[in-house]
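Written out below as structure tokens is the structure these notes cover.
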Amino acid sequence: MLRKASVPTASNGKYSPGRSKGRSPSLESGQLAPGGKVALKQKVTLLRGISIIIGTIIGAGIFISPKGILQNTGSVGMSLCVWAACGLLSLFGALCYAELGTCIKKSGGHYTYILEAFGPLPAFVRVWVELLIIRPAATAVISLAFGRYILEPFFMHCEIPELAIKLITAVGITTVMVLNSTSVSWSARIQIFLTFCKLVAILIIIVPGVIQLIKGETQHFKNAFAGNDASVMGLPLAFYSGMYAYSGWFYLNFVTEEVENPEKNIPLAICISMIIVTVGYVLTNVAYFTTISAGELLLSKAVAVTFAERLMGNFSLAVPVFVALSCFGSMNGGVFAVSRMFYVASREGHLPEILSMIHVRKHTPLPAVIVLYPLTMIMLFNGDLYSLLNFLSFARWLFIGLAVAGLIYLRYKRPDMPRPFKVPLFIPALFSFTCLFMVALSLYSDPVNTGIGFAITLTGVPAYYLFIIWDKKPKWFRRLLGK
């Protein structure tokens with residue numbers, strides 16, 4: 001049922017033949033390359049690249065993070081500044097990934113760039129943390145928002161039971177896993193439809209908000225910076241919430257090998273997408289404050305629904321449905337993209353060989369998808385939404401900052417590397433410093449969750465020597481690893 005695809009791997013900055021001798025279907029849209037090996041078609045055009053980025057970014061974040069940012073900034077004005085700053089910072093990070101994606105034309109995203117710049121140990125730790133923390137926690141956060149919003153129309157006048165949210169969330173996660181395990185083409189078609197739903201959900205909020213501004217509803221913007229002073233300890237958590245809402249700009253780099261004309265299309269797709277998303281996010285938050293005060297927003301568990309109830313009457317029932325579909329799209333896109341990171345890491349020998357195998361009939365990376373399922377369920381039933389957000393953000397931004405620092409290192413280590421797209425050096429320097437500074441500061445702001453994330457990250461070092469370096473493993477241990 002499962003076979004290992006014969007595909008090129010990344011090693012020391014070069015392609016080398018895969019370890020498998022047999023021919024089998026590739027991860028998606030495979031074709032036979034010269035020499036009888038299976039390669040991936042370059043089918044991701046500029047428009048598809050834009051839809052991948054926007055479709056993955058716009059998810060739960062814009063409907064969850066307004067509360068987290070306002071809570072940690074203390075005022076309407078400061079929260080809007082953080083939204084704009086996070087958009088600008090995300091654009092800087094996206095530009096850095098545009099350079100990395102055009103000079104290192106391999107799939108795998110963060111993992112591949114850290115492997116190229118710093119070698120196998122930090123790359124292994126990166127994929128280890130992605131497997132144990134980042135992707136399960138990110139999927140749990142998005143799916144919890146999906147569960148809350150999908151149930152909102154049925155509990156308009158009472159509190160939604162937490163158990164009901166988690167049960168419907170579990171159904172949503174299971175559906176995403178089955179979809180990505182069953183059919184790549186259906187997963188892609190559904191993602192296009194859900195991207196359309198995301199844009200509709202955003203416009204449903206922005207348009208009435210603009211109308212409110214035209215009518216002069218600006219009372220919540222008076223003395224916008226008045227309120228609780230933002231603490232130095234709260235700002236990192238506010239930035240985590242904001243950067244979580246913008247996260248997804250890096251997912252196109254997970255499928256670099258399939259991008260048509262990557263030197264041109266990766267930078268263009270990233271720039272266009274980030275401008276659209278940043279403008280949309282800031283306008284959405286302005287729209288919220290035309291109708292909801294800061295205090296009311298903090299008390300609301302579903303900000304978009306509260307906004308719709310004030311302005312749209314019976315039509316407000318449509319908003320949680322669109323938001324739930326938006327969250328489902330992010331769940332689907334995230335699992336689809338990150339399973340390829342596990343696929344590439346297995347191809348490099350950093351994960352069990354079974355994770356680089358694909359279903360011979362369905363042409364899906366079945367093991368790389370379902371490996372996430374048990375850990376996601378554990379996090380779903382053993383953590384609340386905002387602690388999970390801080391938990392995953394520490395590890396995620398630590399390694400994204402490291403990957404961008406690798407761009408600077410590669411400028412000096414490999415100055416002759418072709419760079420069709422090149423950013424000014426101050427952009428990666430500022431972005432990596434900000435990421436690493438916020439990560440360090442968060443250890444003081446939320447020592448429990450970030451401390452747990454840090455401890456699990458450190459377990460990647462002994463795991464590397466145990467699973468990768470140690471040659472004299474017992475036979476039963478080798479069989480367990482698929483070797």
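Naming works like this for the structure tokens: A, B, ... for the chains as they're shown, residue 1 at the start of each chain, ligands 1 onward in shown order.
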Exercise for the section: Mind checking which residues fall within 6 Å of Thr256 of chain A, counting only C-alpha atoms, ignoring those fewer than 4 positions away in the same chain, and posting them as a PyMOL selection string? Expected result: chain A and resi 105-107
Problem - Polymer residues at most 7 Å from Phe239 of chain A, only C-alpha atoms, same-chain spacing of 4 or more positions, as an MDAnalysis selection string - result: chainID A and resid 82 86 235 243
Exercise for the section: Find the spatial neighbours of segment 408-413 of chain A, counting only C-alpha atoms, within a cut-off of 12 Å - ignore same-chain residues fewer than 6 positions away - and output them as a count of residues only. Expected result: 29
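Residues with any atom within 6 Å of segment 156-170 of chain A, counting only C-alpha atoms and excluding same-chain neighbours fewer than 2 positions away, are Ser143, Leu144, Gly147, Arg148, Pro153, Phe154, Gly172 and Ile173 of chain A.
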Practice task
Report as a count of residues only: the residues of segment 185-393 of chain A with a DSSP assignment of strand (DSSP E or B), based on the backbone of this structure.
Solution key: 4
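Between atom CA of Gly248 of chain A and atom CA of Arg340 of chain A the separation is 14.7 Å.
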Problem - All residues 9 Å or closer to segment 289-304 of chain A, only C-alpha atoms, same chain fewer than 3 positions away omitted, as a ChimeraX atom specification - result: /A:62-64,66-68,70-71,74-76,145,148-149,152,205,209-210,212-213,216-221,284-286,307-311,319-320,323
Fill in the blank from the handout: Counting only C-alpha atoms, closest pick from A:Leu199, A:Met312, A:Leu95, A:Ala324 relative to Leu151 of chain A is A:Ala324
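If you count only C-alpha atoms and ignore residues fewer than 5 places along the chain from Phe454 of chain A, what sits within 9 Å of it is A:Phe394, A:Ala395, A:Leu443, A:Asn449, A:Thr459.
Using only C-alpha atoms, the smallest distance between any of A:Thr175, A:Ser316, A:Cys271, A:Pro120 and Ile50 of chain A comes from A:Cys271.
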Env of Asn180 of chain A: 8 Å cut, atoms = only C-alpha atoms, seq-sep filter 3 positions within chain, self excluded. Answer as an mmCIF file with N, CA and C atoms, in the first residue's frame.
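Saved to part37.cif:
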```cif
data_model
loop_
_atom_site.group_PDB
_atom_site.id
_atom_site.type_symbol
_atom_site.label_atom_id
_atom_site.label_comp_id
_atom_site.auth_asym_id
_atom_site.auth_seq_id
_atom_site.Cartn_x
_atom_site.Cartn_y
_atom_site.Cartn_z
ATOM 1 N N VAL A 176 -10.017 16.599 8.562
ATOM 2 C CA VAL A 176 -8.852 17.140 7.845
ATOM 3 C C VAL A 176 -7.818 16.047 7.591
ATOM 4 N N MET A 177 -7.559 15.232 8.605
ATOM 5 C CA MET A 177 -6.576 14.154 8.451
ATOM 6 C C MET A 177 -7.022 13.149 7.393
ATOM 7 N N SER A 183 -7.017 12.115 -0.652
ATOM 8 C CA SER A 183 -6.925 12.676 -2.002
ATOM 9 C C SER A 183 -6.251 14.033 -1.988
ATOM 10 N N VAL A 184 -5.144 14.149 -2.731
ATOM 11 C CA VAL A 184 -4.464 15.432 -2.877
ATOM 12 C C VAL A 184 -5.323 16.404 -3.684
ATOM 13 N N SER A 187 -8.276 17.714 -1.682
ATOM 14 C CA SER A 187 -7.768 18.649 -0.678
ATOM 15 C C SER A 187 -7.499 20.010 -1.301
ATOM 16 N N ASN A 332 -6.621 22.664 7.096
ATOM 17 C CA ASN A 332 -6.331 21.840 5.925
ATOM 18 C C ASN A 332 -5.008 22.244 5.269
ATOM 19 N N VAL A 335 -1.832 21.331 7.585
ATOM 20 C CA VAL A 335 -1.507 19.901 7.582
ATOM 21 C C VAL A 335 -0.929 19.496 6.227
ATOM 22 N N PHE A 336 -1.514 20.025 5.139
ATOM 23 C CA PHE A 336 -1.048 19.712 3.790
ATOM 24 C C PHE A 336 0.412 20.120 3.605
ATOM 25 N N THR A 364 -0.895 10.003 -1.780
ATOM 26 C CA THR A 364 -0.850 10.938 -0.646
ATOM 27 C C THR A 364 0.228 10.502 0.334
ATOM 28 N N LEU A 366 0.550 9.499 3.269
ATOM 29 C CA LEU A 366 -0.307 9.020 4.351
ATOM 30 C C LEU A 366 0.388 8.982 5.716
ATOM 31 N N VAL A 369 1.047 12.444 7.241
ATOM 32 C CA VAL A 369 -0.173 13.135 7.674
ATOM 33 C C VAL A 369 -0.644 12.600 9.017
#
```
Practice task
Just the alpha helix (DSSP H) stuff from segment 372-481 of chain A, please, per backbone DSSP, written as number ranges by chain.
Solution key: A: 373-381, 385-413, 426-445, 447-458, 460-464, 475-481
I need the chosen residues saved as a PDB file, in the first residue's frame, with C-alpha atoms.
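Okay, this is what ended up in again01.pdb:
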```pdb
ATOM      1  CA  TYR A 373      -3.076  12.994  14.744  1.00  0.00           C
ATOM      2  CA  PRO A 374      -2.399  11.552  18.243  1.00  0.00           C
ATOM      3  CA  LEU A 375      -0.297  14.511  19.476  1.00  0.00           C
ATOM      4  CA  THR A 376      -2.878  17.013  18.199  1.00  0.00           C
ATOM      5  CA  MET A 377      -5.619  15.208  20.114  1.00  0.00           C
ATOM      6  CA  ILE A 378      -3.532  15.212  23.304  1.00  0.00           C
ATOM      7  CA  MET A 379      -2.983  18.980  23.073  1.00  0.00           C
ATOM      8  CA  LEU A 380      -6.631  19.564  22.231  1.00  0.00           C
ATOM      9  CA  PHE A 381      -7.923  17.924  25.408  1.00  0.00           C
ATOM     10  CA  LEU A 385      -6.392  28.166  23.511  1.00  0.00           C
ATOM     11  CA  TYR A 386      -4.186  31.032  24.733  1.00  0.00           C
ATOM     12  CA  SER A 387      -1.682  28.858  26.606  1.00  0.00           C
ATOM     13  CA  LEU A 388      -1.340  26.732  23.453  1.00  0.00           C
ATOM     14  CA  LEU A 389      -0.725  29.900  21.439  1.00  0.00           C
ATOM     15  CA  ASN A 390       2.188  30.942  23.678  1.00  0.00           C
ATOM     16  CA  PHE A 391       3.388  27.326  23.832  1.00  0.00           C
ATOM     17  CA  LEU A 392       3.787  26.954  20.063  1.00  0.00           C
ATOM     18  CA  SER A 393       4.895  30.546  19.390  1.00  0.00           C
ATOM     19  CA  PHE A 394       8.112  30.203  21.386  1.00  0.00           C
ATOM     20  CA  ALA A 395       9.401  27.274  19.328  1.00  0.00           C
ATOM     21  CA  ARG A 396       8.045  28.546  15.999  1.00  0.00           C
ATOM     22  CA  TRP A 397       9.613  32.023  16.136  1.00  0.00           C
ATOM     23  CA  LEU A 398      12.860  30.752  17.628  1.00  0.00           C
ATOM     24  CA  PHE A 399      13.514  28.662  14.518  1.00  0.00           C
ATOM     25  CA  ILE A 400      12.114  31.141  12.014  1.00  0.00           C
ATOM     26  CA  GLY A 401      14.493  33.727  13.510  1.00  0.00           C
ATOM     27  CA  LEU A 402      17.295  31.166  13.207  1.00  0.00           C
ATOM     28  CA  ALA A 403      16.409  30.420   9.556  1.00  0.00           C
ATOM     29  CA  VAL A 404      16.535  34.137   8.686  1.00  0.00           C
ATOM     30  CA  ALA A 405      19.822  34.474  10.594  1.00  0.00           C
ATOM     31  CA  GLY A 406      20.999  31.667   8.308  1.00  0.00           C
ATOM     32  CA  LEU A 407      20.370  33.963   5.345  1.00  0.00           C
ATOM     33  CA  ILE A 408      22.918  36.408   6.773  1.00  0.00           C
ATOM     34  CA  TYR A 409      25.340  33.549   7.456  1.00  0.00           C
ATOM     35  CA  LEU A 410      24.980  32.225   3.892  1.00  0.00           C
ATOM     36  CA  ARG A 411      25.814  35.680   2.501  1.00  0.00           C
ATOM     37  CA  TYR A 412      29.291  35.257   4.018  1.00  0.00           C
ATOM     38  CA  LYS A 413      29.649  31.466   3.881  1.00  0.00           C
ATOM     39  CA  PHE A 426      19.194  45.304   7.484  1.00  0.00           C
ATOM     40  CA  ILE A 427      15.878  43.470   6.805  1.00  0.00           C
ATOM     41  CA  PRO A 428      17.025  39.958   7.856  1.00  0.00           C
ATOM     42  CA  ALA A 429      19.101  41.494  10.674  1.00  0.00           C
ATOM     43  CA  LEU A 430      16.096  43.384  12.076  1.00  0.00           C
ATOM     44  CA  PHE A 431      13.702  40.467  11.636  1.00  0.00           C
ATOM     45  CA  SER A 432      15.935  37.806  13.208  1.00  0.00           C
ATOM     46  CA  PHE A 433      16.874  40.119  16.106  1.00  0.00           C
ATOM     47  CA  THR A 434      13.205  40.925  16.798  1.00  0.00           C
ATOM     48  CA  CYS A 435      12.220  37.248  16.727  1.00  0.00           C
ATOM     49  CA  LEU A 436      15.028  36.144  19.026  1.00  0.00           C
ATOM     50  CA  PHE A 437      14.522  39.127  21.370  1.00  0.00           C
ATOM     51  CA  MET A 438      10.798  38.388  21.712  1.00  0.00           C
ATOM     52  CA  VAL A 439      11.544  34.705  22.294  1.00  0.00           C
ATOM     53  CA  ALA A 440      14.005  35.570  25.085  1.00  0.00           C
ATOM     54  CA  LEU A 441      11.629  38.088  26.662  1.00  0.00           C
ATOM     55  CA  SER A 442       8.729  35.631  26.570  1.00  0.00           C
ATOM     56  CA  LEU A 443      10.624  33.353  28.972  1.00  0.00           C
ATOM     57  CA  TYR A 444       9.982  36.063  31.594  1.00  0.00           C
ATOM     58  CA  SER A 445       6.455  36.932  30.432  1.00  0.00           C
ATOM     59  CA  PRO A 447       7.754  31.171  32.032  1.00  0.00           C
ATOM     60  CA  VAL A 448       5.551  28.072  32.345  1.00  0.00           C
ATOM     61  CA  ASN A 449       4.415  27.582  28.735  1.00  0.00           C
ATOM     62  CA  THR A 450       7.547  28.976  27.088  1.00  0.00           C
ATOM     63  CA  GLY A 451       9.698  27.038  29.574  1.00  0.00           C
ATOM     64  CA  ILE A 452       7.951  23.809  28.581  1.00  0.00           C
ATOM     65  CA  GLY A 453       8.515  24.688  24.923  1.00  0.00           C
ATOM     66  CA  PHE A 454      12.193  25.410  25.606  1.00  0.00           C
ATOM     67  CA  ALA A 455      12.656  22.131  27.514  1.00  0.00           C
ATOM     68  CA  ILE A 456      11.070  20.073  24.727  1.00  0.00           C
ATOM     69  CA  THR A 457      13.245  21.902  22.183  1.00  0.00           C
ATOM     70  CA  LEU A 458      16.374  20.878  24.116  1.00  0.00           C
ATOM     71  CA  GLY A 460      16.014  17.348  20.287  1.00  0.00           C
ATOM     72  CA  VAL A 461      19.771  17.326  20.986  1.00  0.00           C
ATOM     73  CA  PRO A 462      19.981  13.935  22.751  1.00  0.00           C
ATOM     74  CA  ALA A 463      17.325  12.621  20.344  1.00  0.00           C
ATOM     75  CA  TYR A 464      19.607  13.526  17.422  1.00  0.00           C
ATOM     76  CA  LYS A 475      18.079  -4.730  15.338  1.00  0.00           C
ATOM     77  CA  TRP A 476      14.668  -4.250  16.987  1.00  0.00           C
ATOM     78  CA  PHE A 477      15.438  -0.505  17.324  1.00  0.00           C
ATOM     79  CA  ARG A 478      16.399  -0.261  13.652  1.00  0.00           C
ATOM     80  CA  ARG A 479      13.198  -2.034  12.634  1.00  0.00           C
ATOM     81  CA  LEU A 480      11.223   0.452  14.751  1.00  0.00           C
ATOM     82  CA  LEU A 481      12.821   3.315  12.831  1.00  0.00           C
TER      83      LEU A 481
END
```
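With only C-alpha atoms as the atoms that count, the minimum distance from Glu257 of chain A to the choices A:Gly329, A:Gly234, A:Gly55, A:Gly101 is reached by A:Gly101.
Separating atom CA of Cys327 of chain A from atom CA of Pro236 of chain A is a distance of 24.3 Å.
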